file start-v1.pdb (PDB, C-alpha atoms)
ATOM      1  CA  ALA A  23       0.000   0.000   0.000
ATOM      2  CA  PHE A  24       1.057   3.570  -0.605
ATOM      3  CA  ILE A  25       2.217   5.428   2.465
ATOM      4  CA  GLY A  26       2.626   9.180   2.480
ATOM      5  CA  LYS A  27       0.863  12.334   1.438
ATOM      6  CA  THR A  28      -1.325  12.297  -1.622
ATOM      7  CA  LYS A  29      -2.876  15.022  -3.674
ATOM      8  CA  PRO A  30      -5.929  14.906  -5.932
ATOM      9  CA  GLY A  31      -5.228  12.795  -8.998
ATOM     10  CA  ASP A  32      -2.454  10.729  -7.386
ATOM     11  CA  PHE A  33      -2.626   7.000  -7.948
ATOM     12  CA  VAL A  34      -2.943   5.188  -4.639
ATOM     13  CA  LYS A  35      -2.093   1.502  -4.682
ATOM     14  CA  THR A  36      -4.693  -0.365  -2.633
ATOM     15  CA  TYR A  37      -3.126  -3.819  -2.766
ATOM     16  CA  SER A  38       0.217  -5.475  -2.222
ATOM     17  CA  VAL A  39       1.551  -7.991  -4.731
ATOM     18  CA  ASP A  40       3.454  -9.670  -1.889
ATOM     19  CA  ASN A  41       0.244 -10.148   0.083
ATOM     20  CA  ILE A  42      -1.622 -11.470  -2.953
ATOM     21  CA  ARG A  43       1.224 -13.902  -3.664
ATOM     22  CA  LYS A  44       0.739 -15.392  -0.199
ATOM     23  CA  ILE A  45      -2.463 -16.874  -1.638
ATOM     24  CA  TYR A  46      -1.690 -16.969  -5.379
ATOM     25  CA  ALA A  47       2.043 -17.686  -5.678
ATOM     26  CA  LYS A  48       2.284 -16.803  -9.385
ATOM     27  CA  ALA A  49       0.011 -13.745  -9.341
ATOM     28  CA  TYR A  50       1.185 -11.000 -11.725
ATOM     29  CA  GLU A  51       3.987 -13.146 -13.151
ATOM     30  CA  LYS A  52       4.492 -13.177 -16.899
ATOM     31  CA  TRP A  53       2.864 -16.130 -18.659
ATOM     32  CA  THR A  54       5.312 -18.419 -20.484
ATOM     33  CA  GLU A  55       4.702 -20.390 -23.672
ATOM     34  CA  LYS A  56       4.812 -23.524 -21.516
ATOM     35  CA  ASP A  57       2.119 -22.053 -19.216
ATOM     36  CA  ASP A  58      -0.055 -21.223 -22.231
ATOM     37  CA  LEU A  59       0.277 -24.718 -23.679
ATOM     38  CA  LEU A  60      -0.559 -26.319 -20.339
ATOM     39  CA  LEU A  61      -3.505 -23.947 -19.865
ATOM     40  CA  LYS A  62      -4.878 -24.861 -23.302
ATOM     41  CA  THR A  63      -4.466 -28.562 -22.534
ATOM     42  CA  GLU A  64      -6.061 -28.431 -19.080
ATOM     43  CA  PHE A  65      -8.890 -26.180 -20.267
ATOM     44  CA  GLY A  66      -9.511 -28.657 -23.079
ATOM     45  CA  THR A  67     -10.044 -31.428 -20.537
ATOM     46  CA  GLY A  68     -13.004 -29.514 -19.113
ATOM     47  CA  LYS A  69     -11.439 -27.900 -16.054
ATOM     48  CA  ASN A  70     -13.161 -24.706 -15.004
ATOM     49  CA  ALA A  71     -11.468 -21.403 -14.162
ATOM     50  CA  ARG A  72     -11.467 -22.075 -10.429
ATOM     51  CA  GLU A  73      -9.738 -25.436 -10.884
ATOM     52  CA  LEU A  74      -7.251 -23.870 -13.273
ATOM     53  CA  ALA A  75      -6.556 -21.055 -10.818
ATOM     54  CA  VAL A  76      -5.567 -23.614  -8.202
ATOM     55  CA  SER A  77      -3.353 -25.493 -10.670
ATOM     56  CA  PHE A  78      -1.638 -22.355 -11.944
ATOM     57  CA  LYS A  79      -1.483 -20.578  -8.556
ATOM     58  CA  ARG A  80      -3.139 -17.519 -10.068
ATOM     59  CA  LYS A  81      -6.356 -15.601  -9.478
ATOM     60  CA  VAL A  82      -9.536 -16.726 -11.262
ATOM     61  CA  GLY A  83      -9.629 -13.381 -13.070
ATOM     62  CA  ALA A  84      -6.129 -14.007 -14.430
ATOM     63  CA  ILE A  85      -7.252 -17.353 -15.809
ATOM     64  CA  HIS A  86     -10.289 -15.783 -17.498
ATOM     65  CA  SER A  87      -8.105 -13.037 -18.984
ATOM     66  CA  ARG A  88      -5.571 -15.506 -20.338
ATOM     67  CA  LEU A  89      -8.219 -17.794 -21.798
ATOM     68  CA  LYS A  90      -9.710 -14.778 -23.550
ATOM     69  CA  LYS A  91      -6.305 -13.686 -24.864
ATOM     70  CA  LEU A  92      -5.738 -17.204 -26.217
ATOM     71  CA  ASN A  93      -9.187 -17.086 -27.883
ATOM     72  CA  LEU A  94     -10.424 -19.998 -25.782
ATOM     73  CA  GLN A  95     -13.310 -18.061 -24.209
TER      74      GLN A  95
END
call {"tool": "encode", "arguments": {"input": "start-v1.pdb", "output": "structure tokens"}}
result
Amino acid sequence: AFIGKTKPGDFVKTYSVDNIRKIYAKAYEKWTEKDDLLLKTEFGTGKNARELAVSFKRKVGAIHSRLKKLNLQ
């Protein structure tokens, strides 16, 4: 979180990547080609976003975003 004085229009960070990574170890990490291939494979087996999030240690929203980027959703 941002600590210090702010003025109107300043961006204030309301989350901590370190705290999020305590739950989702790979949150905000760059996706690799290997990750994409595995995601396509696992999604093709019928796993839902929640199951994939657990497997990939990422947030459900990140899974949805990546599936969309890969034209799978």
call {"tool": "resolve_selection", "arguments": {"input": "start-v1.pdb", "expression": "the PyMOL selection byres ((chain A and resi 42-49) around 9)", "output": "PDB file with C-alpha atoms, in the frame of the given file"}}
result
ATOM      1  CA  TYR A  37      -3.126  -3.819  -2.766  1.00  0.00           C
ATOM      2  CA  SER A  38       0.217  -5.475  -2.222  1.00  0.00           C
ATOM      3  CA  VAL A  39       1.551  -7.991  -4.731  1.00  0.00           C
ATOM      4  CA  ASP A  40       3.454  -9.670  -1.889  1.00  0.00           C
ATOM      5  CA  ASN A  41       0.244 -10.148   0.083  1.00  0.00           C
ATOM      6  CA  TYR A  50       1.185 -11.000 -11.725  1.00  0.00           C
ATOM      7  CA  GLU A  51       3.987 -13.146 -13.151  1.00  0.00           C
ATOM      8  CA  LYS A  52       4.492 -13.177 -16.899  1.00  0.00           C
ATOM      9  CA  ALA A  75      -6.556 -21.055 -10.818  1.00  0.00           C
ATOM     10  CA  VAL A  76      -5.567 -23.614  -8.202  1.00  0.00           C
ATOM     11  CA  PHE A  78      -1.638 -22.355 -11.944  1.00  0.00           C
ATOM     12  CA  LYS A  79      -1.483 -20.578  -8.556  1.00  0.00           C
ATOM     13  CA  ARG A  80      -3.139 -17.519 -10.068  1.00  0.00           C
ATOM     14  CA  LYS A  81      -6.356 -15.601  -9.478  1.00  0.00           C
ATOM     15  CA  ALA A  84      -6.129 -14.007 -14.430  1.00  0.00           C
TER      16      ALA A  84
END
call {"tool": "residues_around", "arguments": {"input": "start-v1.pdb", "residues": "stretch 62-66 of chain A", "least_positions_apart": "4", "cutoff": "9 Å", "atoms": "only C-alpha atoms", "output": "ChimeraX atom specification"}}
result
/A:57-58,70-71,74,89,92,94
call {"tool": "write_last_selection", "arguments": {"input": "start-v1.pdb", "atoms": "C-alpha atoms", "output": "tab-separated table (two decimals), keeping the file's coordinate frame"}}
result
chain	number	residue	atom	x	y	z
A	57	ASP	CA	2.12	-22.05	-19.22
A	58	ASP	CA	-0.06	-21.22	-22.23
A	70	ASN	CA	-13.16	-24.71	-15.00
A	71	ALA	CA	-11.47	-21.40	-14.16
A	74	LEU	CA	-7.25	-23.87	-13.27
A	89	LEU	CA	-8.22	-17.79	-21.80
A	92	LEU	CA	-5.74	-17.20	-26.22
A	94	LEU	CA	-10.42	-20.00	-25.78
call {"tool": "closest_residue", "arguments": {"input": "start-v1.pdb", "among": "A:Arg72, A:Trp53, A:Leu60, A:Ser77", "to": "A:Lys91", "atoms": "all atoms listed in the file"}}
result
A:Trp53
call {"tool": "decode", "arguments": {"input": "start-v1.pdb", "residues": "stretch 32-79 of chain A", "atoms": "N, CA and C atoms", "output": "JSON list (two decimals), in the first residue's frame"}}
result
[["chain", "number", "residue", "atom", "x", "y", "z"],
["A", 32, "ASP", "N", -3.52, 11.71, -7.63],
["A", 32, "ASP", "CA", -2.45, 10.73, -7.39],
["A", 32, "ASP", "C", -3.03, 9.32, -7.44],
["A", 33, "PHE", "N", -2.25, 8.41, -7.96],
["A", 33, "PHE", "CA", -2.63, 7.00, -7.95],
["A", 33, "PHE", "C", -2.25, 6.43, -6.60],
["A", 34, "VAL", "N", -3.20, 5.81, -5.93],
["A", 34, "VAL", "CA", -2.94, 5.19, -4.64],
["A", 34, "VAL", "C", -3.13, 3.68, -4.79],
["A", 35, "LYS", "N", -2.07, 2.95, -4.57],
["A", 35, "LYS", "CA", -2.09, 1.50, -4.68],
["A", 35, "LYS", "C", -2.83, 0.94, -3.47],
["A", 36, "THR", "N", -3.87, 0.14, -3.73],
["A", 36, "THR", "CA", -4.69, -0.37, -2.63],
["A", 36, "THR", "C", -4.45, -1.85, -2.37],
["A", 37, "TYR", "N", -3.42, -2.42, -2.98],
["A", 37, "TYR", "CA", -3.13, -3.82, -2.77],
["A", 37, "TYR", "C", -1.61, -4.01, -2.73],
["A", 38, "SER", "N", -1.20, -5.14, -2.27],
["A", 38, "SER", "CA", 0.22, -5.48, -2.22],
["A", 38, "SER", "C", 0.42, -6.80, -2.96],
["A", 39, "VAL", "N", 1.27, -6.77, -3.98],
["A", 39, "VAL", "CA", 1.55, -7.99, -4.73],
["A", 39, "VAL", "C", 2.08, -9.07, -3.79],
["A", 40, "ASP", "N", 2.92, -8.69, -2.85],
["A", 40, "ASP", "CA", 3.45, -9.67, -1.89],
["A", 40, "ASP", "C", 2.34, -10.34, -1.10],
["A", 41, "ASN", "N", 1.36, -9.57, -0.67],
["A", 41, "ASN", "CA", 0.24, -10.15, 0.08],
["A", 41, "ASN", "C", -0.60, -11.06, -0.80],
["A", 42, "ILE", "N", -0.84, -10.64, -2.03],
["A", 42, "ILE", "CA", -1.62, -11.47, -2.95],
["A", 42, "ILE", "C", -0.88, -12.77, -3.25],
["A", 43, "ARG", "N", 0.44, -12.70, -3.37],
["A", 43, "ARG", "CA", 1.22, -13.90, -3.66],
["A", 43, "ARG", "C", 1.27, -14.88, -2.49],
["A", 44, "LYS", "N", 0.86, -14.46, -1.32],
["A", 44, "LYS", "CA", 0.74, -15.39, -0.20],
["A", 44, "LYS", "C", -0.37, -16.40, -0.48],
["A", 45, "ILE", "N", -1.35, -16.00, -1.28],
["A", 45, "ILE", "CA", -2.46, -16.87, -1.64],
["A", 45, "ILE", "C", -2.28, -17.44, -3.04],
["A", 46, "TYR", "N", -1.86, -16.59, -3.97],
["A", 46, "TYR", "CA", -1.69, -16.97, -5.38],
["A", 46, "TYR", "C", -0.22, -16.76, -5.74],
["A", 47, "ALA", "N", 0.59, -17.80, -5.58],
["A", 47, "ALA", "CA", 2.04, -17.69, -5.68],
["A", 47, "ALA", "C", 2.54, -17.09, -6.99],
["A", 48, "LYS", "N", 1.82, -17.30, -8.09],
["A", 48, "LYS", "CA", 2.28, -16.80, -9.39],
["A", 48, "LYS", "C", 1.52, -15.57, -9.87],
["A", 49, "ALA", "N", 0.78, -14.93, -8.97],
["A", 49, "ALA", "CA", 0.01, -13.75, -9.34],
["A", 49, "ALA", "C", 0.92, -12.68, -9.94],
["A", 50, "TYR", "N", 0.50, -12.10, -11.03],
["A", 50, "TYR", "CA", 1.19, -11.00, -11.73],
["A", 50, "TYR", "C", 2.50, -11.41, -12.38],
["A", 51, "GLU", "N", 2.80, -12.70, -12.42],
["A", 51, "GLU", "CA", 3.99, -13.15, -13.15],
["A", 51, "GLU", "C", 3.65, -13.25, -14.63],
["A", 52, "LYS", "N", 4.66, -13.07, -15.46],
["A", 52, "LYS", "CA", 4.49, -13.18, -16.90],
["A", 52, "LYS", "C", 4.17, -14.62, -17.26],
["A", 53, "TRP", "N", 3.21, -14.80, -18.18],
["A", 53, "TRP", "CA", 2.86, -16.13, -18.66],
["A", 53, "TRP", "C", 3.93, -16.60, -19.64],
["A", 54, "THR", "N", 4.33, -17.85, -19.56],
["A", 54, "THR", "CA", 5.31, -18.42, -20.48],
["A", 54, "THR", "C", 4.58, -19.21, -21.56],
["A", 55, "GLU", "N", 5.30, -19.55, -22.62],
["A", 55, "GLU", "CA", 4.70, -20.39, -23.67],
["A", 55, "GLU", "C", 4.30, -21.74, -23.08],
["A", 56, "LYS", "N", 5.12, -22.25, -22.17],
["A", 56, "LYS", "CA", 4.81, -23.52, -21.52],
["A", 56, "LYS", "C", 3.51, -23.41, -20.71],
["A", 57, "ASP", "N", 3.36, -22.30, -19.98],
["A", 57, "ASP", "CA", 2.12, -22.05, -19.22],
["A", 57, "ASP", "C", 0.91, -22.03, -20.15],
["A", 58, "ASP", "N", 1.05, -21.32, -21.28],
["A", 58, "ASP", "CA", -0.05, -21.22, -22.23],
["A", 58, "ASP", "C", -0.44, -22.59, -22.78],
["A", 59, "LEU", "N", 0.55, -23.39, -23.14],
["A", 59, "LEU", "CA", 0.28, -24.72, -23.68],
["A", 59, "LEU", "C", -0.43, -25.59, -22.64],
["A", 60, "LEU", "N", 0.06, -25.54, -21.41],
["A", 60, "LEU", "CA", -0.56, -26.32, -20.34],
["A", 60, "LEU", "C", -1.98, -25.83, -20.05],
["A", 61, "LEU", "N", -2.17, -24.51, -20.09],
["A", 61, "LEU", "CA", -3.50, -23.95, -19.86],
["A", 61, "LEU", "C", -4.47, -24.43, -20.95],
["A", 62, "LYS", "N", -4.03, -24.39, -22.20],
["A", 62, "LYS", "CA", -4.88, -24.86, -23.30],
["A", 62, "LYS", "C", -5.23, -26.33, -23.10],
["A", 63, "THR", "N", -4.25, -27.13, -22.72],
["A", 63, "THR", "CA", -4.47, -28.56, -22.53],
["A", 63, "THR", "C", -5.45, -28.82, -21.39],
["A", 64, "GLU", "N", -5.20, -28.20, -20.24],
["A", 64, "GLU", "CA", -6.06, -28.43, -19.08],
["A", 64, "GLU", "C", -7.47, -27.88, -19.30],
["A", 65, "PHE", "N", -7.57, -26.74, -19.96],
["A", 65, "PHE", "CA", -8.89, -26.18, -20.27],
["A", 65, "PHE", "C", -9.64, -27.12, -21.21],
["A", 66, "GLY", "N", -8.92, -27.72, -22.13],
["A", 66, "GLY", "CA", -9.51, -28.66, -23.08],
["A", 66, "GLY", "C", -10.04, -29.93, -22.44],
["A", 67, "THR", "N", -9.55, -30.24, -21.24],
["A", 67, "THR", "CA", -10.04, -31.43, -20.54],
["A", 67, "THR", "C", -11.33, -31.14, -19.77],
["A", 68, "GLY", "N", -11.76, -29.86, -19.78],
["A", 68, "GLY", "CA", -13.00, -29.51, -19.11],
["A", 68, "GLY", "C", -12.85, -28.86, -17.76],
["A", 69, "LYS", "N", -11.62, -28.57, -17.35],
["A", 69, "LYS", "CA", -11.44, -27.90, -16.05],
["A", 69, "LYS", "C", -12.00, -26.49, -16.14],
["A", 70, "ASN", "N", -12.61, -26.06, -15.04],
["A", 70, "ASN", "CA", -13.16, -24.71, -15.00],
["A", 70, "ASN", "C", -12.10, -23.72, -14.49],
["A", 71, "ALA", "N", -12.43, -22.45, -14.53],
["A", 71, "ALA", "CA", -11.47, -21.40, -14.16],
["A", 71, "ALA", "C", -10.99, -21.54, -12.71],
["A", 72, "ARG", "N", -11.86, -21.93, -11.83],
["A", 72, "ARG", "CA", -11.47, -22.07, -10.43],
["A", 72, "ARG", "C", -10.44, -23.20, -10.28],
["A", 73, "GLU", "N", -10.68, -24.31, -10.93],
["A", 73, "GLU", "CA", -9.74, -25.44, -10.88],
["A", 73, "GLU", "C", -8.40, -25.04, -11.51],
["A", 74, "LEU", "N", -8.47, -24.31, -12.61],
["A", 74, "LEU", "CA", -7.25, -23.87, -13.27],
["A", 74, "LEU", "C", -6.48, -22.88, -12.40],
["A", 75, "ALA", "N", -7.20, -22.02, -11.70],
["A", 75, "ALA", "CA", -6.56, -21.05, -10.82],
["A", 75, "ALA", "C", -5.74, -21.77, -9.74],
["A", 76, "VAL", "N", -6.30, -22.84, -9.21],
["A", 76, "VAL", "CA", -5.57, -23.61, -8.20],
["A", 76, "VAL", "C", -4.33, -24.24, -8.82],
["A", 77, "SER", "N", -4.47, -24.84, -9.99],
["A", 77, "SER", "CA", -3.35, -25.49, -10.67],
["A", 77, "SER", "C", -2.24, -24.52, -11.01],
["A", 78, "PHE", "N", -2.63, -23.33, -11.47],
["A", 78, "PHE", "CA", -1.64, -22.36, -11.94],
["A", 78, "PHE", "C", -1.21, -21.36, -10.87],
["A", 79, "LYS", "N", -1.80, -21.46, -9.68],
["A", 79, "LYS", "CA", -1.48, -20.58, -8.56],
["A", 79, "LYS", "C", -1.67, -19.11, -8.93]]
